[in-house]
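A.B. asks: The structure is given below, and queries will be raised subsequently.
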Amino acid sequence: MIQFSELGPRIILYFGSGGKVFLTESTCFEIILAVILAVVGIWLGSGLEKVPRGKQIVAEVLVGWVYNFAQQNLGKIRGEKFAPYLGSLIVWLVFANSLGLIGLRPITADLNVTAALAVMSFVLIQGFAIKELGVRGRIDELGDPYYAILPMNVISELILPVTLALRLFGNIFGGMVVVDLWMHLMEFLSYKFCAVPILRCITVIPLNLFFDMFEPVIQAYIFTILTAVNLEEGMSGMREDTAEKRRLKREKKKQKLIKEA
C-alpha cells in the first residue's frame, strides 16, 4: 500500500560505500522514457517520402497537431518557434503521467519532477519575455495598465511555477492514491466470500480508465497550454492603449521641460 511518506523520490539504486550517490525511481524512469521517446521519434522521422504512408502518416498527423496547437496559442511565427518544445513537453508528460497503466509509479507523482518541469517553464517564459521586450519592457508589461499593480503581477509570476508543480503533482499522485486504496478495499471485501480477489480485478477498471488514461492526457494538456498561454502573454508587452497613454504622457512631460527651459 502507498506510504504517504513517499511524497518525494524513492531511492532504488545506491552507488559507493556510503550510499551518498544514488538514483531515484523517478530519475531512472525519466531516463528510460526519454531514450524510448527519442528512439521512436527518430524512427518515425526516418525514411520520409513525398507520398506519406504507414508510420509517416502517424508522424505527420502528430507534428501537424502540435504545430497547430502552438500557433493557436502563440501565433504563427512564435508558434513555429516553440512548437518543438511544446510538442516534446506534452508527449513526454502523457507517458510520464500514464505509467500506472503498467503497474509503475507515475514519474509526475514525484513532487521534485513536477517542480523541475515548472521551473523550466518559468525560466523559459521569463527568459524569452525579457529577450523579446528587454528588462524595461518587461517591467512596463507587468505594470500594465498602472504601475501600482506591478508588485501584485510580480507575485503572480513568482507563484506560477508553484501552481504548475502542485497542480500536476496533486492530480497524478491523488489519482494513484485513490486507485491504490480502492484496490485494497476490493481485495479485503473479496476475501470475505471467496479466496480470489475478484472484486479488485473487475471494479478497478473504470478507475484505471480515468486516472491512468483520461486524467494523464488532460493534465499533460493543461500543463502545456498554461506554459504556452503564459509564454505568449509574457512576450506580448503592454496593451496598445496603455502604451499610447504612456507615450503621450512622456511627450507632454518633455514639452513641459522644454517650455521651462
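Each chain of the C-alpha cells is named A, B, ... in the order shown, its residues numbered from 1; ligands are numbered from 1 in display order.
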Counting only C-alpha atoms, what is within 10 Å of region 50-63 of chain A, bar same-chain residues fewer than 3 positions away, as a PyMOL selection string?
C.D. replies: chain A and resi 41+43-47+66-69+83-84+87+91
A.B. asks: Mind writing the picked residues with all heavy atoms as an mmCIF file, in the first residue's frame?
C.D. replies:
data_model
loop_
_atom_site.group_PDB
_atom_site.id
_atom_site.type_symbol
_atom_site.label_atom_id
_atom_site.label_comp_id
_atom_site.auth_asym_id
_atom_site.auth_seq_id
_atom_site.Cartn_x
_atom_site.Cartn_y
_atom_site.Cartn_z
ATOM 1 N N GLY A 41 10.924 8.674 -31.920
ATOM 2 C CA GLY A 41 10.882 9.883 -32.731
ATOM 3 C C GLY A 41 11.797 9.801 -33.939
ATOM 4 O O GLY A 41 11.421 10.186 -35.054
ATOM 5 N N TRP A 43 12.821 7.043 -35.354
ATOM 6 C CA TRP A 43 12.251 6.029 -36.251
ATOM 7 C C TRP A 43 11.097 6.597 -37.074
ATOM 8 O O TRP A 43 11.013 6.364 -38.278
ATOM 9 C CB TRP A 43 11.789 4.839 -35.422
ATOM 10 C CG TRP A 43 11.064 3.797 -36.231
ATOM 11 C CD1 TRP A 43 11.605 2.968 -37.180
ATOM 12 C CD2 TRP A 43 9.661 3.500 -36.184
ATOM 13 N NE1 TRP A 43 10.628 2.157 -37.718
ATOM 14 C CE2 TRP A 43 9.421 2.463 -37.119
ATOM 15 C CE3 TRP A 43 8.606 3.990 -35.426
ATOM 16 C CZ2 TRP A 43 8.159 1.926 -37.321
ATOM 17 C CZ3 TRP A 43 7.347 3.452 -35.618
ATOM 18 C CH2 TRP A 43 7.125 2.441 -36.556
ATOM 19 N N LEU A 44 10.215 7.366 -36.423
ATOM 20 C CA LEU A 44 9.085 7.951 -37.135
ATOM 21 C C LEU A 44 9.538 8.968 -38.184
ATOM 22 O O LEU A 44 8.889 9.141 -39.220
ATOM 23 C CB LEU A 44 8.131 8.630 -36.148
ATOM 24 C CG LEU A 44 7.261 7.720 -35.278
ATOM 25 C CD1 LEU A 44 6.468 8.544 -34.267
ATOM 26 C CD2 LEU A 44 6.312 6.882 -36.132
ATOM 27 N N GLY A 45 10.652 9.644 -37.906
ATOM 28 C CA GLY A 45 11.135 10.668 -38.834
ATOM 29 C C GLY A 45 12.083 10.157 -39.896
ATOM 30 O O GLY A 45 12.577 10.940 -40.718
ATOM 31 N N SER A 46 12.345 8.864 -39.912
ATOM 32 C CA SER A 46 13.282 8.300 -40.899
ATOM 33 C C SER A 46 12.533 7.792 -42.134
ATOM 34 O O SER A 46 11.367 7.417 -42.065
ATOM 35 C CB SER A 46 14.065 7.149 -40.265
ATOM 36 O OG SER A 46 13.182 6.096 -39.890
ATOM 37 N N GLY A 47 13.232 7.804 -43.234
ATOM 38 C CA GLY A 47 12.675 7.253 -44.475
ATOM 39 C C GLY A 47 11.432 7.973 -44.962
ATOM 40 O O GLY A 47 10.493 7.331 -45.450
ATOM 41 N N VAL A 66 0.638 19.323 -33.272
ATOM 42 C CA VAL A 66 1.491 20.101 -32.361
ATOM 43 C C VAL A 66 1.687 21.518 -32.893
ATOM 44 O O VAL A 66 1.561 22.502 -32.143
ATOM 45 C CB VAL A 66 2.858 19.399 -32.175
ATOM 46 C CG1 VAL A 66 3.851 20.340 -31.496
ATOM 47 C CG2 VAL A 66 2.691 18.134 -31.344
ATOM 48 N N TYR A 67 1.985 21.660 -34.186
ATOM 49 C CA TYR A 67 2.201 22.989 -34.765
ATOM 50 C C TYR A 67 0.912 23.806 -34.776
ATOM 51 O O TYR A 67 0.928 25.018 -34.537
ATOM 52 C CB TYR A 67 2.776 22.872 -36.174
ATOM 53 C CG TYR A 67 4.277 22.797 -36.189
ATOM 54 C CD1 TYR A 67 4.941 21.604 -35.911
ATOM 55 C CD2 TYR A 67 5.052 23.929 -36.441
ATOM 56 C CE1 TYR A 67 6.324 21.528 -35.899
ATOM 57 C CE2 TYR A 67 6.432 23.872 -36.441
ATOM 58 C CZ TYR A 67 7.067 22.670 -36.171
ATOM 59 O OH TYR A 67 8.445 22.611 -36.149
ATOM 60 N N ASN A 68 -0.207 23.160 -35.027
ATOM 61 C CA ASN A 68 -1.496 23.855 -34.995
ATOM 62 C C ASN A 68 -1.817 24.332 -33.587
ATOM 63 O O ASN A 68 -2.268 25.469 -33.389
ATOM 64 C CB ASN A 68 -2.590 22.924 -35.502
ATOM 65 C CG ASN A 68 -3.941 23.619 -35.571
ATOM 66 O OD1 ASN A 68 -4.096 24.654 -36.214
ATOM 67 N ND2 ASN A 68 -4.928 23.059 -34.891
ATOM 68 N N PHE A 69 -1.546 23.473 -32.601
ATOM 69 C CA PHE A 69 -1.749 23.829 -31.192
ATOM 70 C C PHE A 69 -0.882 25.018 -30.798
ATOM 71 O O PHE A 69 -1.349 25.971 -30.156
ATOM 72 C CB PHE A 69 -1.421 22.622 -30.311
ATOM 73 C CG PHE A 69 -1.326 22.924 -28.841
ATOM 74 C CD1 PHE A 69 -2.461 23.017 -28.057
ATOM 75 C CD2 PHE A 69 -0.085 23.114 -28.237
ATOM 76 C CE1 PHE A 69 -2.377 23.286 -26.705
ATOM 77 C CE2 PHE A 69 0.008 23.383 -26.887
ATOM 78 C CZ PHE A 69 -1.140 23.471 -26.115
ATOM 79 N N ALA A 83 6.929 25.281 -31.134
ATOM 80 C CA ALA A 83 6.219 24.011 -31.321
ATOM 81 C C ALA A 83 7.059 22.792 -30.922
ATOM 82 O O ALA A 83 6.537 21.877 -30.275
ATOM 83 C CB ALA A 83 5.739 23.883 -32.772
ATOM 84 N N PRO A 84 8.349 22.717 -31.283
ATOM 85 C CA PRO A 84 9.131 21.546 -30.870
ATOM 86 C C PRO A 84 9.187 21.372 -29.350
ATOM 87 O O PRO A 84 9.078 20.245 -28.850
ATOM 88 C CB PRO A 84 10.532 21.843 -31.442
ATOM 89 C CG PRO A 84 10.258 22.720 -32.624
ATOM 90 C CD PRO A 84 9.110 23.594 -32.204
ATOM 91 N N GLY A 87 5.594 20.430 -28.115
ATOM 92 C CA GLY A 87 5.285 19.063 -28.526
ATOM 93 C C GLY A 87 6.033 18.035 -27.692
ATOM 94 O O GLY A 87 5.455 17.028 -27.266
ATOM 95 N N VAL A 91 4.017 15.339 -25.139
ATOM 96 C CA VAL A 91 4.186 13.909 -25.389
ATOM 97 C C VAL A 91 4.858 13.241 -24.202
ATOM 98 O O VAL A 91 4.431 12.171 -23.734
ATOM 99 C CB VAL A 91 5.007 13.676 -26.682
ATOM 100 C CG1 VAL A 91 5.380 12.198 -26.817
ATOM 101 C CG2 VAL A 91 4.197 14.114 -27.901
#
A.B. asks: Excluding same-chain residues fewer than 3 positions from Ser236 (chain A), what lies within 10 Å of it counting only C-alpha atoms, as a PyMOL selection string?
C.D. replies: chain A and resi 74+129+132-133+137-138+141+230-233+239
A.B. asks: Could those residues be written to a file, using all heavy atoms, as an mmCIF file, in the first residue's frame?
C.D. replies:
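Result went into part_9.cif, see below:
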data_model
loop_
_atom_site.group_PDB
_atom_site.id
_atom_site.type_symbol
_atom_site.label_atom_id
_atom_site.label_comp_id
_atom_site.auth_asym_id
_atom_site.auth_seq_id
_atom_site.Cartn_x
_atom_site.Cartn_y
_atom_site.Cartn_z
ATOM 1 N N LEU A 74 0.176 30.819 -29.672
ATOM 2 C CA LEU A 74 1.317 31.731 -29.720
ATOM 3 C C LEU A 74 1.378 32.568 -31.002
ATOM 4 O O LEU A 74 2.237 33.428 -31.117
ATOM 5 C CB LEU A 74 2.621 30.935 -29.596
ATOM 6 C CG LEU A 74 2.908 30.308 -28.226
ATOM 7 C CD1 LEU A 74 4.006 29.270 -28.340
ATOM 8 C CD2 LEU A 74 3.288 31.358 -27.207
ATOM 9 N N ALA A 129 10.551 36.427 -22.490
ATOM 10 C CA ALA A 129 9.848 37.704 -22.312
ATOM 11 C C ALA A 129 10.856 38.853 -22.241
ATOM 12 O O ALA A 129 10.674 39.903 -22.878
ATOM 13 C CB ALA A 129 8.998 37.664 -21.049
ATOM 14 N N GLU A 132 12.509 39.355 -25.644
ATOM 15 C CA GLU A 132 11.614 39.998 -26.600
ATOM 16 C C GLU A 132 11.391 41.476 -26.283
ATOM 17 O O GLU A 132 11.378 42.320 -27.174
ATOM 18 C CB GLU A 132 10.273 39.268 -26.601
ATOM 19 C CG GLU A 132 9.278 39.751 -27.630
ATOM 20 C CD GLU A 132 9.499 39.119 -28.994
ATOM 21 O OE1 GLU A 132 10.305 38.168 -29.104
ATOM 22 O OE2 GLU A 132 8.877 39.597 -29.960
ATOM 23 N N LEU A 133 11.216 41.783 -24.990
ATOM 24 C CA LEU A 133 10.827 43.140 -24.598
ATOM 25 C C LEU A 133 11.955 43.954 -23.985
ATOM 26 O O LEU A 133 11.868 45.183 -23.936
ATOM 27 C CB LEU A 133 9.671 43.070 -23.586
ATOM 28 C CG LEU A 133 8.416 42.285 -24.004
ATOM 29 C CD1 LEU A 133 7.451 42.176 -22.835
ATOM 30 C CD2 LEU A 133 7.749 42.946 -25.194
ATOM 31 N N GLY A 137 11.018 46.869 -20.862
ATOM 32 C CA GLY A 137 9.753 46.493 -21.477
ATOM 33 C C GLY A 137 8.994 45.471 -20.654
ATOM 34 O O GLY A 137 7.761 45.520 -20.561
ATOM 35 N N ARG A 138 9.727 44.538 -20.048
ATOM 36 C CA ARG A 138 9.079 43.529 -19.196
ATOM 37 C C ARG A 138 8.479 44.178 -17.961
ATOM 38 O O ARG A 138 7.368 43.822 -17.531
ATOM 39 C CB ARG A 138 10.110 42.469 -18.790
ATOM 40 C CG ARG A 138 9.571 41.347 -17.906
ATOM 41 C CD ARG A 138 8.459 40.593 -18.565
ATOM 42 N NE ARG A 138 8.092 39.419 -17.793
ATOM 43 C CZ ARG A 138 6.897 38.853 -17.815
ATOM 44 N NH1 ARG A 138 5.942 39.362 -18.584
ATOM 45 N NH2 ARG A 138 6.639 37.790 -17.097
ATOM 46 N N GLU A 141 5.366 45.917 -18.980
ATOM 47 C CA GLU A 141 4.282 44.957 -19.228
ATOM 48 C C GLU A 141 3.656 44.493 -17.914
ATOM 49 O O GLU A 141 2.435 44.348 -17.813
ATOM 50 C CB GLU A 141 4.841 43.769 -20.012
ATOM 51 C CG GLU A 141 3.790 42.825 -20.565
ATOM 52 C CD GLU A 141 3.440 41.717 -19.605
ATOM 53 O OE1 GLU A 141 4.284 41.365 -18.763
ATOM 54 O OE2 GLU A 141 2.318 41.198 -19.693
ATOM 55 N N ASN A 230 1.037 31.546 -20.945
ATOM 56 C CA ASN A 230 1.867 32.474 -20.179
ATOM 57 C C ASN A 230 3.080 32.935 -20.987
ATOM 58 O O ASN A 230 3.551 34.065 -20.808
ATOM 59 C CB ASN A 230 2.321 31.816 -18.877
ATOM 60 C CG ASN A 230 1.242 31.814 -17.812
ATOM 61 O OD1 ASN A 230 1.035 32.794 -17.102
ATOM 62 N ND2 ASN A 230 0.522 30.715 -17.704
ATOM 63 N N LEU A 231 3.565 32.090 -21.865
ATOM 64 C CA LEU A 231 4.679 32.470 -22.729
ATOM 65 C C LEU A 231 4.239 33.565 -23.696
ATOM 66 O O LEU A 231 4.943 34.573 -23.888
ATOM 67 C CB LEU A 231 5.168 31.244 -23.501
ATOM 68 C CG LEU A 231 6.401 31.417 -24.390
ATOM 69 C CD1 LEU A 231 7.600 31.889 -23.586
ATOM 70 C CD2 LEU A 231 6.716 30.105 -25.099
ATOM 71 N N GLU A 232 3.071 33.392 -24.302
ATOM 72 C CA GLU A 232 2.539 34.400 -25.216
ATOM 73 C C GLU A 232 2.244 35.697 -24.485
ATOM 74 O O GLU A 232 2.560 36.790 -24.973
ATOM 75 C CB GLU A 232 1.264 33.855 -25.873
ATOM 76 C CG GLU A 232 0.422 34.887 -26.598
ATOM 77 C CD GLU A 232 1.149 35.550 -27.754
ATOM 78 O OE1 GLU A 232 2.168 34.995 -28.223
ATOM 79 O OE2 GLU A 232 0.690 36.616 -28.201
ATOM 80 N N GLU A 233 1.662 35.589 -23.304
ATOM 81 C CA GLU A 233 1.345 36.791 -22.522
ATOM 82 C C GLU A 233 2.602 37.537 -22.118
ATOM 83 O O GLU A 233 2.650 38.770 -22.150
ATOM 84 C CB GLU A 233 0.544 36.392 -21.282
ATOM 85 C CG GLU A 233 0.073 37.558 -20.448
ATOM 86 C CD GLU A 233 -0.743 37.123 -19.245
ATOM 87 O OE1 GLU A 233 -1.385 36.055 -19.324
ATOM 88 O OE2 GLU A 233 -0.745 37.842 -18.236
ATOM 89 N N ARG A 239 -0.508 46.546 -23.516
ATOM 90 C CA ARG A 239 -1.614 46.752 -24.453
ATOM 91 C C ARG A 239 -1.381 48.051 -25.222
ATOM 92 O O ARG A 239 -0.729 48.964 -24.734
ATOM 93 C CB ARG A 239 -2.940 46.818 -23.693
ATOM 94 C CG ARG A 239 -3.317 45.525 -22.983
ATOM 95 C CD ARG A 239 -4.617 45.698 -22.223
ATOM 96 N NE ARG A 239 -4.512 46.760 -21.242
ATOM 97 C CZ ARG A 239 -5.524 47.164 -20.466
ATOM 98 N NH1 ARG A 239 -6.723 46.620 -20.603
ATOM 99 N NH2 ARG A 239 -5.351 48.126 -19.583
#
A.B. asks: Within 12 Å of Leu189 (chain A), counting only C-alpha atoms, which residues show up once you throw out same-chain ones fewer than 6 positions away? Write them as a PyMOL selection string, please.
C.D. replies: chain A and resi 182-183+195-200+203
A.B. asks: So that I can see what lies close to Leu158 (chain A), please list as a PDB file with N, CA and C atoms, in the first residue's frame the residues with an atom at most 12 Å from it, counting only C-alpha atoms and leaving out residues fewer than 4 positions away in the same chain.
C.D. replies:
ATOM      1  N   ALA A 118       8.086  22.745 -13.765  1.00  0.00           N
ATOM      2  CA  ALA A 118       7.507  24.076 -13.575  1.00  0.00           C
ATOM      3  C   ALA A 118       8.584  25.157 -13.622  1.00  0.00           C
ATOM      4  N   VAL A 119       9.718  24.899 -12.991  1.00  0.00           N
ATOM      5  CA  VAL A 119      10.824  25.864 -13.014  1.00  0.00           C
ATOM      6  C   VAL A 119      11.351  26.030 -14.444  1.00  0.00           C
ATOM      7  N   SER A 121       9.633  25.704 -17.225  1.00  0.00           N
ATOM      8  CA  SER A 121       8.675  26.542 -17.951  1.00  0.00           C
ATOM      9  C   SER A 121       8.771  27.997 -17.507  1.00  0.00           C
ATOM     10  N   PHE A 122       8.955  28.212 -16.212  1.00  0.00           N
ATOM     11  CA  PHE A 122       9.059  29.572 -15.676  1.00  0.00           C
ATOM     12  C   PHE A 122      10.277  30.292 -16.253  1.00  0.00           C
ATOM     13  N   VAL A 123      11.425  29.611 -16.273  1.00  0.00           N
ATOM     14  CA  VAL A 123      12.648  30.209 -16.827  1.00  0.00           C
ATOM     15  C   VAL A 123      12.472  30.501 -18.314  1.00  0.00           C
ATOM     16  N   ILE A 125       9.634  31.149 -19.905  1.00  0.00           N
ATOM     17  CA  ILE A 125       8.711  32.280 -20.047  1.00  0.00           C
ATOM     18  C   ILE A 125       9.416  33.594 -19.763  1.00  0.00           C
ATOM     19  N   GLN A 126      10.094  33.687 -18.619  1.00  0.00           N
ATOM     20  CA  GLN A 126      10.744  34.930 -18.227  1.00  0.00           C
ATOM     21  C   GLN A 126      11.921  35.257 -19.141  1.00  0.00           C
ATOM     22  N   PRO A 151       3.710  45.204  -8.145  1.00  0.00           N
ATOM     23  CA  PRO A 151       4.050  44.183  -7.134  1.00  0.00           C
ATOM     24  C   PRO A 151       3.144  42.955  -7.195  1.00  0.00           C
ATOM     25  N   MET A 152       1.848  43.165  -7.424  1.00  0.00           N
ATOM     26  CA  MET A 152       0.915  42.038  -7.487  1.00  0.00           C
ATOM     27  C   MET A 152       1.203  41.158  -8.695  1.00  0.00           C
ATOM     28  N   ASN A 153       1.532  41.778  -9.809  1.00  0.00           N
ATOM     29  CA  ASN A 153       1.853  40.998 -11.008  1.00  0.00           C
ATOM     30  C   ASN A 153       3.161  40.229 -10.854  1.00  0.00           C
ATOM     31  N   VAL A 154       4.126  40.829 -10.167  1.00  0.00           N
ATOM     32  CA  VAL A 154       5.390  40.132  -9.900  1.00  0.00           C
ATOM     33  C   VAL A 154       5.133  38.906  -9.022  1.00  0.00           C
ATOM     34  N   VAL A 162       4.876  27.478  -8.804  1.00  0.00           N
ATOM     35  CA  VAL A 162       4.338  26.741  -7.652  1.00  0.00           C
ATOM     36  C   VAL A 162       3.010  26.090  -8.011  1.00  0.00           C
ATOM     37  N   THR A 163       2.132  26.868  -8.656  1.00  0.00           N
ATOM     38  CA  THR A 163       0.820  26.326  -9.028  1.00  0.00           C
ATOM     39  C   THR A 163       0.950  25.243 -10.104  1.00  0.00           C
ATOM     40  N   LEU A 164       1.849  25.448 -11.062  1.00  0.00           N
ATOM     41  CA  LEU A 164       2.050  24.429 -12.093  1.00  0.00           C
ATOM     42  C   LEU A 164       2.517  23.111 -11.479  1.00  0.00           C
TER      43      LEU A 164
END
A.B. asks: Could you list, as a list of chain:residue names, every residue within 10 Å of Gln219 (chain A), counting only C-alpha atoms and ignoring same-chain residues fewer than 4 positions away?
C.D. replies: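 Surrounding residues, per the criterion: A:Ile90, A:Leu93, A:Val94, A:Asn97, A:Arg167, A:Leu168, A:Phe169, A:Asn171, A:Ile172, A:Phe214, A:Glu215, A:Phe223, A:Thr224, A:Ile225.
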A.B. asks: Suppose you want the space between CA of Leu160 (chain A) and CA of Ala70 (chain A); what is it in Å?
C.D. replies: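 Going from CA of Leu160 (chain A) over to CA of Ala70 (chain A) covers 20.0 Å.
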A.B. asks: When you count only C-alpha atoms, which of these residues is closest to Glu187 (chain A): A:Leu86, A:Val204, A:Gly174, A:Thr27?
C.D. replies: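 Checking each of A:Leu86, A:Val204, A:Gly174, A:Thr27 against Glu187 (chain A), counting only C-alpha atoms, the winner is A:Val204.
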A.B. asks: Near Ile31 (chain A), within 12 Å and counting only C-alpha atoms, which residues show up once chain neighbours fewer than 6 positions away are dropped, as a list in words?
C.D. replies: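 Within the cut-off, the hits are Leu23, Thr24, Glu25, Leu37, Ala38, Trp92, Ala96 and Ile107 of chain A.
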A.B. asks: To one decimal in Å, tell me the separation between CA of Glu80 (chain A) and CA of Val217 (chain A).
C.D. replies: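 Those two atoms sit 22.7 Å apart.
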A.B. asks: Taking the backbone alone, and naming residues the way the document does, which bits of region 18-174 of chain A are strand (DSSP E) by DSSP, as a PyMOL selection string?
C.D. replies: chain A and resi 21-24
A.B. asks: Please produce a file of the residues just selected, as a CSV table (one decimal), in the first residue's frame, where the atoms kept are N, CA, C and O atoms.
C.D. replies:
chain,number,residue,atom,x,y,z
A,21,VAL,N,25.8,8.6,-3.2
A,21,VAL,CA,25.4,8.8,-4.6
A,21,VAL,C,24.3,7.8,-4.9
A,21,VAL,O,24.5,6.6,-4.7
A,22,PHE,N,23.2,8.3,-5.4
A,22,PHE,CA,22.1,7.4,-5.7
A,22,PHE,C,21.2,7.8,-6.8
A,22,PHE,O,21.3,9.0,-7.3
A,23,LEU,N,20.4,6.9,-7.3
A,23,LEU,CA,19.4,7.2,-8.3
A,23,LEU,C,18.0,7.0,-7.8
A,23,LEU,O,17.8,5.9,-7.2
A,24,THR,N,17.1,7.9,-8.0
A,24,THR,CA,15.7,7.7,-7.6
A,24,THR,C,14.9,6.9,-8.6
A,24,THR,O,15.3,6.9,-9.8
A.B. asks: With only C-alpha atoms as the basis for distance, which of A:Pro206, A:Gly234, A:Ile42, A:Gln71 is at the shortest distance from Asp144 (chain A)?
C.D. replies: A:Gly234
A.B. asks: Could you find all residues in region 54-131 of chain A that DSSP calls alpha helix (DSSP H) from the backbone, and write them as a VMD selection string?
C.D. replies: chain A and resid 55 to 74 76 to 97 111 to 131
A.B. asks: Between A:Phe95, A:Trp65, A:Phe82, A:Phe188, which has the minimum distance to Ala228 (chain A) (counting only C-alpha atoms)?
C.D. replies: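 Answer, going by the shortest atom-to-atom distance: A:Phe82.
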A.B. asks: Which is closest to Ile102 (chain A) among A:Thr227, A:Arg136, A:Pro216, A:Asn208, if we use only C-alpha atoms?
C.D. replies: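 Checking each candidate against Ile102 (chain A), we get A:Asn208 as the closest.
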A.B. asks: Tell me which of A:Leu142, A:Val40, A:Leu207, A:Ala115 sits closest to Val178 (chain A), counting only C-alpha atoms.
C.D. replies: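 Smallest separation from Val178 (chain A) among the options: A:Leu207.
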